[in-house]
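S.K.: Contents are mmCIF, N, CA and C atoms; file name final_14.cif:
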data_my_file
loop_
_atom_site.label_atom_id
_atom_site.label_comp_id
_atom_site.auth_asym_id
_atom_site.auth_seq_id
_atom_site.Cartn_x
_atom_site.Cartn_y
_atom_site.Cartn_z
N MET T 4 -17.88 -26.10 -6.38
CA MET T 4 -17.77 -26.92 -7.56
C MET T 4 -17.99 -26.06 -8.79
N PRO T 5 -17.20 -26.27 -9.82
CA PRO T 5 -17.38 -25.49 -11.05
C PRO T 5 -18.58 -25.95 -11.85
N ASN T 6 -19.07 -25.05 -12.66
CA ASN T 6 -20.15 -25.43 -13.56
C ASN T 6 -19.60 -25.46 -14.98
N TYR T 7 -20.10 -26.39 -15.76
CA TYR T 7 -19.63 -26.58 -17.13
C TYR T 7 -20.81 -26.45 -18.07
N ASP T 8 -20.59 -25.82 -19.21
CA ASP T 8 -21.59 -25.68 -20.25
C ASP T 8 -21.35 -26.76 -21.29
N TYR T 9 -22.44 -27.37 -21.71
CA TYR T 9 -22.38 -28.41 -22.74
C TYR T 9 -23.37 -28.06 -23.84
N GLU T 10 -23.11 -28.60 -25.04
CA GLU T 10 -24.05 -28.46 -26.14
C GLU T 10 -24.19 -29.80 -26.84
N CYS T 11 -25.44 -30.21 -27.08
CA CYS T 11 -25.70 -31.47 -27.76
C CYS T 11 -25.44 -31.28 -29.26
N GLN T 12 -24.73 -32.21 -29.86
CA GLN T 12 -24.40 -32.14 -31.27
C GLN T 12 -25.58 -32.56 -32.15
N LYS T 13 -26.56 -33.25 -31.55
CA LYS T 13 -27.70 -33.75 -32.31
C LYS T 13 -28.89 -32.77 -32.26
N CYS T 14 -29.30 -32.39 -31.04
CA CYS T 14 -30.48 -31.53 -30.90
C CYS T 14 -30.13 -30.06 -30.65
N ALA T 15 -28.84 -29.72 -30.52
CA ALA T 15 -28.34 -28.35 -30.31
C ALA T 15 -28.81 -27.73 -28.99
N LYS T 16 -29.24 -28.54 -28.05
CA LYS T 16 -29.64 -28.02 -26.74
C LYS T 16 -28.40 -27.69 -25.93
N ARG T 17 -28.41 -26.52 -25.31
CA ARG T 17 -27.32 -26.10 -24.42
C ARG T 17 -27.78 -26.24 -22.98
N PHE T 18 -26.89 -26.72 -22.12
CA PHE T 18 -27.24 -26.88 -20.72
C PHE T 18 -25.99 -26.73 -19.87
N GLU T 19 -26.22 -26.48 -18.59
CA GLU T 19 -25.14 -26.24 -17.63
C GLU T 19 -25.22 -27.31 -16.54
N ILE T 20 -24.07 -27.87 -16.20
CA ILE T 20 -24.00 -28.92 -15.19
C ILE T 20 -22.96 -28.54 -14.15
N PHE T 21 -23.30 -28.70 -12.87
CA PHE T 21 -22.34 -28.51 -11.79
C PHE T 21 -21.67 -29.85 -11.54
N GLN T 22 -20.36 -29.89 -11.74
CA GLN T 22 -19.60 -31.12 -11.58
C GLN T 22 -18.33 -30.86 -10.80
N SER T 23 -17.85 -31.89 -10.16
CA SER T 23 -16.55 -31.82 -9.52
C SER T 23 -15.49 -31.82 -10.63
N MET T 24 -14.34 -31.27 -10.33
CA MET T 24 -13.27 -31.26 -11.33
C MET T 24 -12.75 -32.67 -11.60
N ASN T 25 -13.01 -33.60 -10.70
CA ASN T 25 -12.57 -34.98 -10.87
C ASN T 25 -13.57 -35.83 -11.64
N ASP T 26 -14.80 -35.33 -11.83
CA ASP T 26 -15.81 -36.09 -12.56
C ASP T 26 -15.46 -36.17 -14.04
N ALA T 27 -15.88 -37.26 -14.67
CA ALA T 27 -15.66 -37.43 -16.12
C ALA T 27 -16.60 -36.51 -16.89
N LYS T 28 -16.19 -36.12 -18.10
CA LYS T 28 -17.03 -35.30 -18.97
C LYS T 28 -18.28 -36.07 -19.34
N LEU T 29 -19.36 -35.32 -19.56
CA LEU T 29 -20.58 -35.96 -20.04
C LEU T 29 -20.38 -36.37 -21.50
N THR T 30 -21.02 -37.46 -21.90
CA THR T 30 -20.90 -37.92 -23.28
C THR T 30 -22.24 -37.98 -23.99
N ASP T 31 -23.35 -38.11 -23.25
CA ASP T 31 -24.67 -38.23 -23.85
C ASP T 31 -25.56 -37.08 -23.40
N CYS T 32 -26.44 -36.66 -24.28
CA CYS T 32 -27.39 -35.59 -23.99
C CYS T 32 -28.40 -36.07 -22.94
N PRO T 33 -28.68 -35.22 -21.92
CA PRO T 33 -29.65 -35.63 -20.90
C PRO T 33 -31.10 -35.43 -21.34
N GLU T 34 -31.32 -34.86 -22.50
CA GLU T 34 -32.69 -34.63 -22.99
C GLU T 34 -33.37 -35.98 -23.27
N PRO T 35 -34.58 -36.17 -22.77
CA PRO T 35 -35.26 -37.46 -22.99
C PRO T 35 -35.45 -37.75 -24.48
N GLY T 36 -35.05 -38.94 -24.88
CA GLY T 36 -35.23 -39.37 -26.26
C GLY T 36 -34.15 -38.91 -27.23
N CYS T 37 -33.16 -38.15 -26.77
CA CYS T 37 -32.13 -37.63 -27.69
C CYS T 37 -30.91 -38.55 -27.69
N ASP T 38 -30.22 -38.64 -26.59
CA ASP T 38 -28.99 -39.44 -26.44
C ASP T 38 -27.91 -39.11 -27.47
N GLY T 39 -27.89 -37.88 -27.94
CA GLY T 39 -26.85 -37.45 -28.88
C GLY T 39 -25.56 -37.15 -28.14
N PRO T 40 -24.45 -37.08 -28.87
CA PRO T 40 -23.17 -36.74 -28.23
C PRO T 40 -23.15 -35.27 -27.83
N VAL T 41 -22.49 -34.98 -26.71
CA VAL T 41 -22.39 -33.60 -26.24
C VAL T 41 -20.94 -33.13 -26.29
N LYS T 42 -20.79 -31.84 -26.40
CA LYS T 42 -19.46 -31.22 -26.45
C LYS T 42 -19.39 -30.19 -25.32
N ARG T 43 -18.30 -30.21 -24.57
CA ARG T 43 -18.12 -29.22 -23.48
C ARG T 43 -17.68 -27.91 -24.12
N LEU T 44 -18.32 -26.83 -23.72
CA LEU T 44 -18.00 -25.51 -24.25
C LEU T 44 -17.01 -24.80 -23.34
N LEU T 45 -16.25 -23.92 -23.92
CA LEU T 45 -15.31 -23.13 -23.13
C LEU T 45 -16.06 -22.00 -22.44
N GLY T 46 -15.77 -21.81 -21.18
CA GLY T 46 -16.41 -20.74 -20.42
C GLY T 46 -15.40 -19.69 -20.02
N THR T 47 -15.90 -18.52 -19.69
CA THR T 47 -15.02 -17.44 -19.28
C THR T 47 -14.69 -17.48 -17.81
N GLY T 48 -15.45 -18.23 -17.04
CA GLY T 48 -15.20 -18.29 -15.60
C GLY T 48 -15.81 -17.09 -14.90
N GLY T 49 -15.76 -17.14 -13.61
CA GLY T 49 -16.33 -16.05 -12.81
C GLY T 49 -15.23 -15.13 -12.30
N GLY T 50 -15.53 -13.88 -12.21
CA GLY T 50 -14.58 -12.92 -11.67
C GLY T 50 -14.61 -12.93 -10.16
N ILE T 51 -13.51 -12.63 -9.55
CA ILE T 51 -13.43 -12.56 -8.09
C ILE T 51 -13.39 -11.10 -7.70
N ILE T 52 -14.25 -10.73 -6.80
CA ILE T 52 -14.30 -9.35 -6.32
C ILE T 52 -14.03 -9.35 -4.83
N PHE T 53 -12.99 -8.64 -4.42
CA PHE T 53 -12.65 -8.51 -3.01
C PHE T 53 -13.25 -7.21 -2.50
N LYS T 54 -14.12 -7.31 -1.51
CA LYS T 54 -14.75 -6.12 -0.94
C LYS T 54 -14.40 -6.03 0.53
N GLY T 55 -14.23 -4.83 1.01
CA GLY T 55 -13.98 -4.62 2.42
C GLY T 55 -12.51 -4.57 2.76
N ALA T 56 -12.22 -4.36 4.02
CA ALA T 56 -10.84 -4.25 4.48
C ALA T 56 -10.26 -5.64 4.73
N GLY T 57 -8.93 -5.71 4.78
CA GLY T 57 -8.28 -6.95 5.14
C GLY T 57 -7.65 -7.70 3.98
N PHE T 58 -7.66 -7.13 2.77
CA PHE T 58 -7.11 -7.83 1.62
C PHE T 58 -5.70 -7.37 1.26
N TYR T 59 -5.24 -6.31 1.89
CA TYR T 59 -3.90 -5.81 1.62
C TYR T 59 -3.08 -5.85 2.90
N GLN T 60 -1.77 -5.96 2.75
CA GLN T 60 -0.90 -6.05 3.92
C GLN T 60 -1.04 -4.80 4.78
N THR T 61 -1.24 -3.65 4.16
CA THR T 61 -1.32 -2.41 4.92
C THR T 61 -2.62 -2.30 5.72
N ASP T 62 -3.62 -3.11 5.40
CA ASP T 62 -4.86 -3.08 6.18
C ASP T 62 -4.68 -3.61 7.59
N TYR T 63 -3.67 -4.43 7.80
CA TYR T 63 -3.45 -5.05 9.10
C TYR T 63 -2.50 -4.26 10.00
N ARG T 64 -1.94 -3.19 9.50
CA ARG T 64 -0.98 -2.41 10.29
C ARG T 64 -1.68 -1.67 11.41
N SER T 65 -1.00 -1.59 12.56
CA SER T 65 -1.56 -0.86 13.70
C SER T 65 -1.38 0.63 13.48
N SER T 66 -2.12 1.43 14.23
CA SER T 66 -2.03 2.88 14.09
C SER T 66 -0.66 3.39 14.53
N SER T 67 -0.03 2.75 15.53
CA SER T 67 1.30 3.19 15.97
C SER T 67 2.34 2.91 14.88
N TYR T 68 2.19 1.79 14.16
CA TYR T 68 3.11 1.49 13.06
C TYR T 68 2.93 2.51 11.94
N GLN T 69 1.69 2.85 11.63
CA GLN T 69 1.45 3.81 10.56
C GLN T 69 1.99 5.19 10.92
N ALA T 70 1.87 5.61 12.19
CA ALA T 70 2.41 6.90 12.62
C ALA T 70 3.93 6.90 12.53
N GLY T 71 4.57 5.80 12.93
CA GLY T 71 6.03 5.70 12.82
C GLY T 71 6.49 5.71 11.37
N ALA T 72 5.75 5.07 10.48
CA ALA T 72 6.11 5.05 9.07
C ALA T 72 6.01 6.44 8.46
N LYS T 73 5.00 7.21 8.86
CA LYS T 73 4.87 8.58 8.36
C LYS T 73 6.04 9.44 8.84
N ALA T 74 6.42 9.31 10.13
CA ALA T 74 7.53 10.08 10.68
C ALA T 74 8.84 9.69 10.00
N ASP T 75 9.04 8.42 9.77
CA ASP T 75 10.25 7.95 9.11
C ASP T 75 10.30 8.45 7.67
N GLY T 76 9.16 8.45 6.99
CA GLY T 76 9.11 8.93 5.61
C GLY T 76 9.42 10.42 5.52
N ALA T 77 8.95 11.20 6.48
CA ALA T 77 9.22 12.64 6.48
C ALA T 77 10.69 12.91 6.78
N ALA T 78 11.31 12.12 7.66
CA ALA T 78 12.72 12.32 8.02
C ALA T 78 13.65 11.90 6.88
N SER T 79 13.26 10.93 6.09
CA SER T 79 14.15 10.44 5.04
C SER T 79 13.99 11.19 3.73
N SER T 80 13.04 12.11 3.63
CA SER T 80 12.88 12.86 2.38
C SER T 80 14.03 13.85 2.25
N PRO T 81 14.53 14.09 1.03
CA PRO T 81 15.67 14.99 0.83
C PRO T 81 15.28 16.43 1.15
N PRO T 82 16.23 17.22 1.68
CA PRO T 82 15.94 18.62 1.98
C PRO T 82 15.75 19.39 0.68
N PRO T 83 15.01 20.50 0.71
CA PRO T 83 14.80 21.28 -0.51
C PRO T 83 16.12 21.86 -1.00
N ALA T 84 16.27 21.97 -2.30
CA ALA T 84 17.50 22.50 -2.90
C ALA T 84 17.61 24.00 -2.61
N PRO T 85 18.83 24.50 -2.33
CA PRO T 85 18.99 25.93 -2.06
C PRO T 85 18.75 26.73 -3.34
N ALA T 86 18.25 27.93 -3.16
CA ALA T 86 17.98 28.81 -4.30
C ALA T 86 19.29 29.30 -4.87
N ALA T 87 19.37 29.42 -6.18
CA ALA T 87 20.58 29.89 -6.83
C ALA T 87 20.72 31.39 -6.63
N ALA T 88 21.95 31.84 -6.42
CA ALA T 88 22.20 33.26 -6.22
C ALA T 88 22.00 34.01 -7.53
N PRO T 89 21.37 35.18 -7.49
CA PRO T 89 21.15 35.93 -8.74
C PRO T 89 22.47 36.43 -9.29
N LYS T 90 22.57 36.40 -10.60
CA LYS T 90 23.79 36.89 -11.27
C LYS T 90 23.75 38.41 -11.36
N SER T 91 24.91 39.02 -11.20
CA SER T 91 24.97 40.48 -11.30
C SER T 91 25.16 40.90 -12.75
N ALA T 92 24.56 42.00 -13.12
CA ALA T 92 24.68 42.49 -14.49
C ALA T 92 25.87 43.45 -14.55
N ASP T 93 26.97 43.05 -15.15
CA ASP T 93 28.17 43.91 -15.24
C ASP T 93 28.27 44.60 -16.53
#
What does the file become when written as structure tokens?

M.R.:
Amino acid sequence: MPNYDYECQKCAKRFEIFQSMNDAKLTDCPEPGCDGPVKRLLGTGGGIIFKGAGFYQTDYRSSSYQAGAKADGAASSPPPAPAAAPKSAD
């Protein structure tokens, strides 16, 4: 569930609430005795960090497939260009 930041327009208290995305926005300050209107603040969200193996297609390749890909890559590379013949000084 995402968390949302709110700020009370009356008492300026900031607070964070965990709500479902389907829940309605809060309208009143939860501070006892305040009951002022609240405004939802824009958040930056959380970053996603992928750690470990298994997140790329190449992580799932078998060792025999990787060996065949290396051999195929070496065979398909262009041959080296021939050296130019030296010009004679006449």

S.K.: Starting from the displayed file, determine the output of the PyMOL selection byres ((chain T and resi 19) around 7) and express the residue list as a list in words.

M.R.: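 This file, filtered by the PyMOL selection byres ((chain T and resi 19) around 7), leaves Asn6, Tyr7, Asp8, Tyr9, Arg17, Phe18, Ile20 and Phe21 of chain T.
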
S.K.: Between T:Ala70, T:Cys14, T:Ile51, T:Ala77, which one has atoms that come closest to T:Pro35, using only C-alpha atoms?

M.R.: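 Among T:Ala70, T:Cys14, T:Ile51, T:Ala77, it is T:Cys14 that comes nearest to T:Pro35.
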
S.K.: I'd like to know which of T:Gly76, T:Pro33, T:Gly71, T:Gly46 is closest to T:Ala15, using only C-alpha atoms.

M.R.: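 Among T:Gly76, T:Pro33, T:Gly71, T:Gly46, it is T:Pro33 that comes nearest to T:Ala15.
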
S.K.: Can you spell out as a list of chain:residue names the set of residues that the PyMOL selection byres (((chain T and resi 39 and name CA) around 7) and name CA) selects in the structure I just provided?

M.R.: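 Here the PyMOL selection byres (((chain T and resi 39 and name CA) around 7) and name CA) matches T:Cys11, T:Gln12, T:Lys13, T:Asp31, T:Cys32, T:Cys37, T:Asp38, T:Pro40, T:Val41.
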
S.K.: Report the distance between atom CA of T:Ala27 and atom N of T:Gly50 in Å, rounded to one decimal place.

M.R.: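 According to the coordinates, atom CA of T:Ala27 and atom N of T:Gly50 are separated by 23.9 Å.
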
S.K.: Quote the spacing between atom CA of T:Lys42 and atom CA of T:Met24 in Å to one decimal place.

M.R.: 16.3 Å

S.K.: Hey, can you check how far atom CA of T:Glu34 sits from atom CA of T:Pro5?

M.R.: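 Atom-to-atom, atom CA of T:Glu34 and atom CA of T:Pro5 are spaced 21.5 Å apart.
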